[in-house]
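Asker: Have a look at the structure that comes next, please.
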Amino acid sequence: MADKPPASDAFGDEQHGVTNLAVINFENLLLKDAAEVETLYSACEKWGFFYLDLSGDAAKEYLQNVANLFSAAKEYFAKPLDEKLRDTRKELDIYNICGYKPLGPLGLDEGNMNRKRNGSENLRECPPDPSRLSSFRLSFPKGMQEHQEQISGFINKSRFMAMLILESLSDYLKLEGDERFEAFHKSGELSTSSAVMQHYPLTDLPSDTSAGHFTHTDTGSITVLFNTDWGLQVFSPETEQWEYVPPRDQCAVINVGDSLKFISKFRLKSSLHRVIPSSDRWSSGSRYASIYFLRSSNDTRFTDTEGVEWTAHKWLTRKFQNYRFPHVEQEKNAISTGRKGFAGLWDGAKDRAV
Ligand SMILES: O=C(O)CCC(=O)C(=O)O
Ligand SMILES: [Fe+2]
């Protein structure tokens, strides 16, 4: 059965509380436990965010895989910048950049504060595209080559978790055949599903760069996220305040992205989130996240909040383009944050007055 985080987690900082997210047990989902599936649905309907408890035997190997990946990521990001830049593969997809993407002015995205650039560098691994298998092999980041197995393991097992979540949600809604959420995520079809390792340094950031990650809703369907420190905040759909989602031992943070919100005809929420440095629980100098994004097949069709029709691939391209515009431009539509006129930026002192 699902339970709530213990009271000792109710910490936050002077400005922000801590979310009281549902904790869904992975093994109970495997067993198709009806009460667990109902709690899962309710979490996705109300918050679009929950913890997935992976503490049982079934996920032991997976958690070890995640730990190994963090070690590999720490090693990777400690390399000199010019070495990492050699792993950038913009030519494969200028938006869903495969390989290394730098932070600050060398990166492409606006940050979580006004007129500041994004403060995280990342490494994205796109699983093989059957039509260009050989270029994928060439494109595998050089600095990560020895950890290739860990990364493929993480991709495969995270995909399994994400698909199990989709299956459970489809079961709950009694969806059949092509209507089931899994049908939009078939493994043989092209998609931009990928694994990303993020590194958020707290110090030595270039000027005009904000520590953390810009405010956004995720583009795809299901995000499976692990991180090492506090900093992640969700904009509560209940209180309309920013609240912390702290890392929880042996748990993944799962969230619903835009595509699933659209495919589910707005029954499920794609909640706004960001990473900010204000908590004293992020004091280790560097923060890391290992993430798997399950995204629907490129040619999946859906309609957004404003009634505009998209394919999943076009939505991703347009959204990633939006993050590169100044915030005043981003605010002119609902693409980045799900709300027109609201960029959800971090403003240190008077953050709550949104
Ligand atoms: O680092 C985190 O905790 C969250 C990162 C995130 O939201 C993303 O990369 O989409
Ligand atoms: Fe995200």
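Within each chain, counting starts at residue 1; across the structure tokens, chains are named A, B, ... in the order shown, with ligands numbered 1 upward in that order.
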Kindly work out which residues sit at most 10 Å from ligand 2, using only C-alpha atoms and all ligand atoms, and give the list as a list of chain:residue names.
Answerer: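 Answer in the requested format: A:His213, A:Phe214, A:Thr215, A:His216, A:Thr217, A:Asp218, A:Thr219, A:Gly220, A:Thr223, A:Val224, A:Leu225, A:Leu232, A:Val234, A:Ile254, A:Asn255, A:Val256, A:Gly257, A:Ser270, A:Ser271, A:Leu272, A:His273, A:Arg274, A:Val275, A:Ile291, A:Phe293.
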Asker: Can you tell me which residues surround Lys269 of chain A at a distance of at most 6 Å, considering only C-alpha atoms, apart from same-chain residues fewer than 2 positions away, and format the answer as number ranges by chain?
Answerer: A: 45, 48, 261, 271
Asker: What would the file look like if the residues just selected were written as a PDB file, in the first residue's frame with N, CA and C atoms?
Answerer:
```pdb
ATOM      1  N   GLU A  45      -3.398  12.336 -11.547  1.00  0.00           N
ATOM      2  CA  GLU A  45      -4.509  13.225 -11.855  1.00  0.00           C
ATOM      3  C   GLU A  45      -4.383  14.552 -11.106  1.00  0.00           C
ATOM      4  N   GLY A  48       0.543  14.883 -10.937  1.00  0.00           N
ATOM      5  CA  GLY A  48       1.472  14.502 -12.006  1.00  0.00           C
ATOM      6  C   GLY A  48       2.863  14.235 -11.457  1.00  0.00           C
ATOM      7  N   LYS A 261      -0.253  14.149 -20.821  1.00  0.00           N
ATOM      8  CA  LYS A 261      -1.385  15.029 -20.463  1.00  0.00           C
ATOM      9  C   LYS A 261      -2.303  15.200 -21.674  1.00  0.00           C
ATOM     10  N   SER A 271       3.019  18.700 -14.312  1.00  0.00           N
ATOM     11  CA  SER A 271       3.247  19.812 -13.382  1.00  0.00           C
ATOM     12  C   SER A 271       4.537  20.569 -13.653  1.00  0.00           C
TER      13      SER A 271
END
```
Asker: DSSP on the backbone, helix (DSSP H, G or I) only: what residues of segment 119-200 of chain A does that give? Format it as a PyMOL selection string.
Answerer: chain A and resi 130-139+142-173+177-179+181-184
Asker: Would you return as a PyMOL selection string the members of segment 145-263 of chain A that DSSP assigns to strand (DSSP E or B) on this structure's backbone?
Answerer: chain A and resi 191+194-201+209+213-216+222-227+232-235+242-244+251-256
Asker: Store the residues picked out above in a file with C-alpha atoms, as a tab-separated table (two decimals), in the first residue's frame.
Answerer:
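So the final result, stored in part.tsv, reads:
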```
chain	number	residue	atom	x	y	z
A	191	SER	CA	10.74	8.48	-30.60
A	194	SER	CA	16.40	9.24	-23.98
A	195	ALA	CA	18.51	9.15	-20.83
A	196	VAL	CA	20.10	12.34	-19.48
A	197	MET	CA	22.68	12.92	-16.82
A	198	GLN	CA	22.61	16.43	-15.40
A	199	HIS	CA	25.33	18.18	-13.45
A	200	TYR	CA	24.52	21.33	-11.48
A	201	PRO	CA	27.60	23.07	-10.11
A	209	THR	CA	24.18	32.11	-15.29
A	213	HIS	CA	17.43	24.32	-13.98
A	214	PHE	CA	14.93	26.48	-15.86
A	215	THR	CA	11.23	26.31	-15.03
A	216	HIS	CA	9.40	23.85	-17.26
A	222	ILE	CA	6.77	9.68	-18.12
A	223	THR	CA	9.99	10.91	-16.49
A	224	VAL	CA	11.95	8.61	-14.18
A	225	LEU	CA	14.27	10.78	-12.08
A	226	PHE	CA	16.97	10.23	-9.47
A	227	ASN	CA	18.93	13.11	-7.97
A	232	LEU	CA	13.87	20.24	-7.22
A	233	GLN	CA	10.64	22.15	-6.67
A	234	VAL	CA	7.17	21.57	-8.04
A	235	PHE	CA	4.57	24.32	-8.40
A	242	TRP	CA	6.64	26.29	-4.98
A	243	GLU	CA	7.37	23.25	-2.82
A	244	TYR	CA	10.43	21.03	-2.52
A	251	CYS	CA	12.85	5.93	-4.55
A	252	ALA	CA	12.60	7.44	-7.99
A	253	VAL	CA	10.68	10.67	-8.52
A	254	ILE	CA	8.21	10.09	-11.35
A	255	ASN	CA	6.38	12.78	-13.21
A	256	VAL	CA	3.90	13.04	-16.04
```
Asker: What separation in Å, quoted to one decimal, exists between atom CA of Leu268 of chain A and atom CA of Leu21 of chain A?
Answerer: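 Going from atom CA of Leu268 of chain A over to atom CA of Leu21 of chain A, I get 15.3 Å.
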Asker: So that I can check the surroundings of Glu36 of chain A, please list as an MDAnalysis selection string every protein, DNA and RNA residue that reaches within 12 Å of it, counting only C-alpha atoms and ignoring chain neighbours fewer than 2 positions away.
Answerer: chainID A and resid 1:3 22:34 38:43 52:53 165 168:169 172
Asker: Go ahead and save the picked residues with C-alpha atoms, as an mmCIF file, in the first residue's frame.
Answerer:
```
data_model
loop_
_atom_site.group_PDB
_atom_site.id
_atom_site.type_symbol
_atom_site.label_atom_id
_atom_site.label_comp_id
_atom_site.auth_asym_id
_atom_site.auth_seq_id
_atom_site.Cartn_x
_atom_site.Cartn_y
_atom_site.Cartn_z
ATOM 1 C CA MET A 1 0.000 0.000 0.000
ATOM 2 C CA ALA A 2 1.079 3.563 -0.604
ATOM 3 C CA ASP A 3 2.041 5.677 2.381
ATOM 4 C CA ALA A 22 2.169 9.855 -2.771
ATOM 5 C CA VAL A 23 4.655 6.971 -2.525
ATOM 6 C CA ILE A 24 3.763 4.176 -4.932
ATOM 7 C CA ASN A 25 5.228 0.733 -4.398
ATOM 8 C CA PHE A 26 6.798 -0.758 -7.536
ATOM 9 C CA GLU A 27 6.238 -4.378 -6.525
ATOM 10 C CA ASN A 28 2.558 -3.703 -5.858
ATOM 11 C CA LEU A 29 2.236 -2.298 -9.370
ATOM 12 C CA LEU A 30 3.872 -5.461 -10.725
ATOM 13 C CA LEU A 31 1.221 -7.443 -8.839
ATOM 14 C CA LYS A 32 -1.516 -5.194 -10.263
ATOM 15 C CA ASP A 33 -2.676 -4.336 -6.744
ATOM 16 C CA ALA A 34 -5.939 -2.428 -7.317
ATOM 17 C CA GLU A 38 -5.928 3.751 -7.709
ATOM 18 C CA THR A 39 -3.435 5.771 -5.605
ATOM 19 C CA LEU A 40 -1.173 5.990 -8.670
ATOM 20 C CA TYR A 41 -3.998 7.322 -10.820
ATOM 21 C CA SER A 42 -5.014 9.858 -8.222
ATOM 22 C CA ALA A 43 -1.381 11.102 -7.911
ATOM 23 C CA LEU A 52 8.145 5.227 -6.813
ATOM 24 C CA ASP A 53 9.383 3.051 -3.949
ATOM 25 C CA ILE A 165 3.089 2.977 -15.048
ATOM 26 C CA SER A 168 -1.457 0.626 -14.795
ATOM 27 C CA LEU A 169 -3.003 3.959 -15.797
ATOM 28 C CA TYR A 172 -7.434 2.025 -14.274
#
```
Asker: Compare A:Gly104, A:Gly12, A:Gly231, A:Pro80 by their minimum atom-to-atom distance to ligand 1, counting only C-alpha atoms and all ligand atoms, and give me the closest one.
Answerer: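 Closest to ligand 1 of all the choices is A:Gly231.
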Asker: Given the choices A:Thr303, A:Gln148, A:Asn322, A:Ser55, which gets closest to Arg248 of chain A if the distance is worked out from only C-alpha atoms?
Answerer: A:Ser55
Asker: Give me, as a PyMOL selection string, all polymer residues having an atom no more than 9 Å from segment 83-94 of chain A, counting only C-alpha atoms and skipping those fewer than 2 positions away in the same chain.
Answerer: chain A and resi 76-77+79-81+96-102+123+135+139-143+317
Asker: Rounded to one decimal place, report the atom CA of Ala59 of chain A-atom CA of Arg287 of chain A distance in Å.
Answerer: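 Separating atom CA of Ala59 of chain A from atom CA of Arg287 of chain A is a distance of 23.8 Å.
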Asker: Could you name the residues that touch Phe184 of chain A at 8 Å or less, counting only C-alpha atoms, but leaving out those on the same chain fewer than 5 positions away, as a JSON list (two decimals) with C-alpha atoms, in the first residue's frame?
Answerer:
```json
[["chain", "number", "residue", "atom", "x", "y", "z"],
["A", 178, "ASP", "CA", -5.07, 1.63, -29.62],
["A", 296, "SER", "CA", 5.62, 8.91, -27.33],
["A", 297, "SER", "CA", 6.37, 7.88, -30.92],
["A", 300, "THR", "CA", 1.76, 10.62, -32.28]]
```
Asker: Skipping near chain neighbours, those fewer than 6 positions away, what residues fall within 12 Å of Lys186 of chain A using only C-alpha atoms, listed as a PDB file with C-alpha atoms, in the first residue's frame?
Answerer:
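And here is the file that came out, result-v5.pdb:
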```pdb
ATOM      1  CA  ARG A 159      11.615   2.141 -19.800  1.00  0.00           C
ATOM      2  CA  PHE A 160      10.180  -0.957 -18.170  1.00  0.00           C
ATOM      3  CA  MET A 163       5.703   1.373 -19.365  1.00  0.00           C
ATOM      4  CA  LEU A 166       1.386   3.568 -18.413  1.00  0.00           C
ATOM      5  CA  ASP A 178      -5.071   1.628 -29.624  1.00  0.00           C
ATOM      6  CA  ARG A 180      -4.192   2.369 -24.271  1.00  0.00           C
ATOM      7  CA  SER A 193      12.993   8.843 -25.554  1.00  0.00           C
ATOM      8  CA  LEU A 294       9.837   8.125 -21.997  1.00  0.00           C
ATOM      9  CA  ARG A 295       8.350  10.000 -24.922  1.00  0.00           C
ATOM     10  CA  SER A 296       5.625   8.915 -27.330  1.00  0.00           C
ATOM     11  CA  SER A 297       6.373   7.884 -30.924  1.00  0.00           C
ATOM     12  CA  ASN A 298       7.396  10.860 -33.059  1.00  0.00           C
ATOM     13  CA  ASP A 299       4.241  10.813 -35.181  1.00  0.00           C
ATOM     14  CA  THR A 300       1.760  10.624 -32.276  1.00  0.00           C
TER      15      THR A 300
END
```
Asker: List as a ChimeraX atom specification the protein and nucleic acid residues near segment 324-335 of chain A, meaning an atom at most 10 Å away when only C-alpha atoms are counted, but skip any in the same chain fewer than 2 places from it.
Answerer: /A:107-118,216-217,219,258,304-306,315-316,318-322,337-345
Asker: Those residues you just picked out, can you put them in a file as an mmCIF file, in the first residue's frame with C-alpha atoms?
Answerer:
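Saved result, selection02.cif, follows:
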```cif
data_model
loop_
_atom_site.group_PDB
_atom_site.id
_atom_site.type_symbol
_atom_site.label_atom_id
_atom_site.label_comp_id
_atom_site.auth_asym_id
_atom_site.auth_seq_id
_atom_site.Cartn_x
_atom_site.Cartn_y
_atom_site.Cartn_z
ATOM 1 C CA GLY A 107 24.586 26.396 -23.693
ATOM 2 C CA LEU A 108 21.379 27.372 -25.429
ATOM 3 C CA ASP A 109 18.717 27.755 -22.780
ATOM 4 C CA GLU A 110 17.517 30.548 -20.551
ATOM 5 C CA GLY A 111 17.779 29.838 -16.827
ATOM 6 C CA ASN A 112 15.466 29.927 -13.811
ATOM 7 C CA MET A 113 16.060 33.674 -13.197
ATOM 8 C CA ASN A 114 15.416 36.681 -15.374
ATOM 9 C CA ARG A 115 18.194 37.362 -17.900
ATOM 10 C CA LYS A 116 20.292 34.453 -16.637
ATOM 11 C CA ARG A 117 21.365 31.409 -18.616
ATOM 12 C CA ASN A 118 20.707 27.837 -17.564
ATOM 13 C CA HIS A 216 9.401 23.849 -17.263
ATOM 14 C CA THR A 217 6.948 21.042 -17.690
ATOM 15 C CA THR A 219 7.845 17.399 -22.899
ATOM 16 C CA ASP A 258 2.946 17.146 -21.622
ATOM 17 C CA ASP A 304 -2.507 21.201 -26.721
ATOM 18 C CA THR A 305 -4.228 23.449 -24.151
ATOM 19 C CA GLU A 306 -4.706 26.163 -26.748
ATOM 20 C CA TRP A 315 5.942 19.539 -29.949
ATOM 21 C CA LEU A 316 9.414 18.670 -28.667
ATOM 22 C CA ARG A 318 8.910 23.808 -30.659
ATOM 23 C CA LYS A 319 9.214 23.483 -26.885
ATOM 24 C CA PHE A 320 12.990 23.147 -26.881
ATOM 25 C CA GLN A 321 13.157 26.148 -29.210
ATOM 26 C CA ASN A 322 10.999 28.116 -26.755
ATOM 27 C CA THR A 337 5.331 26.323 -18.510
ATOM 28 C CA GLY A 338 1.791 25.252 -19.436
ATOM 29 C CA ARG A 339 0.580 28.786 -18.597
ATOM 30 C CA LYS A 340 0.614 31.857 -20.780
ATOM 31 C CA GLY A 341 2.156 34.857 -19.016
ATOM 32 C CA PHE A 342 3.818 32.844 -16.264
ATOM 33 C CA ALA A 343 7.500 31.953 -16.427
ATOM 34 C CA GLY A 344 7.711 30.812 -12.761
ATOM 35 C CA LEU A 345 11.166 32.314 -12.317
#
```
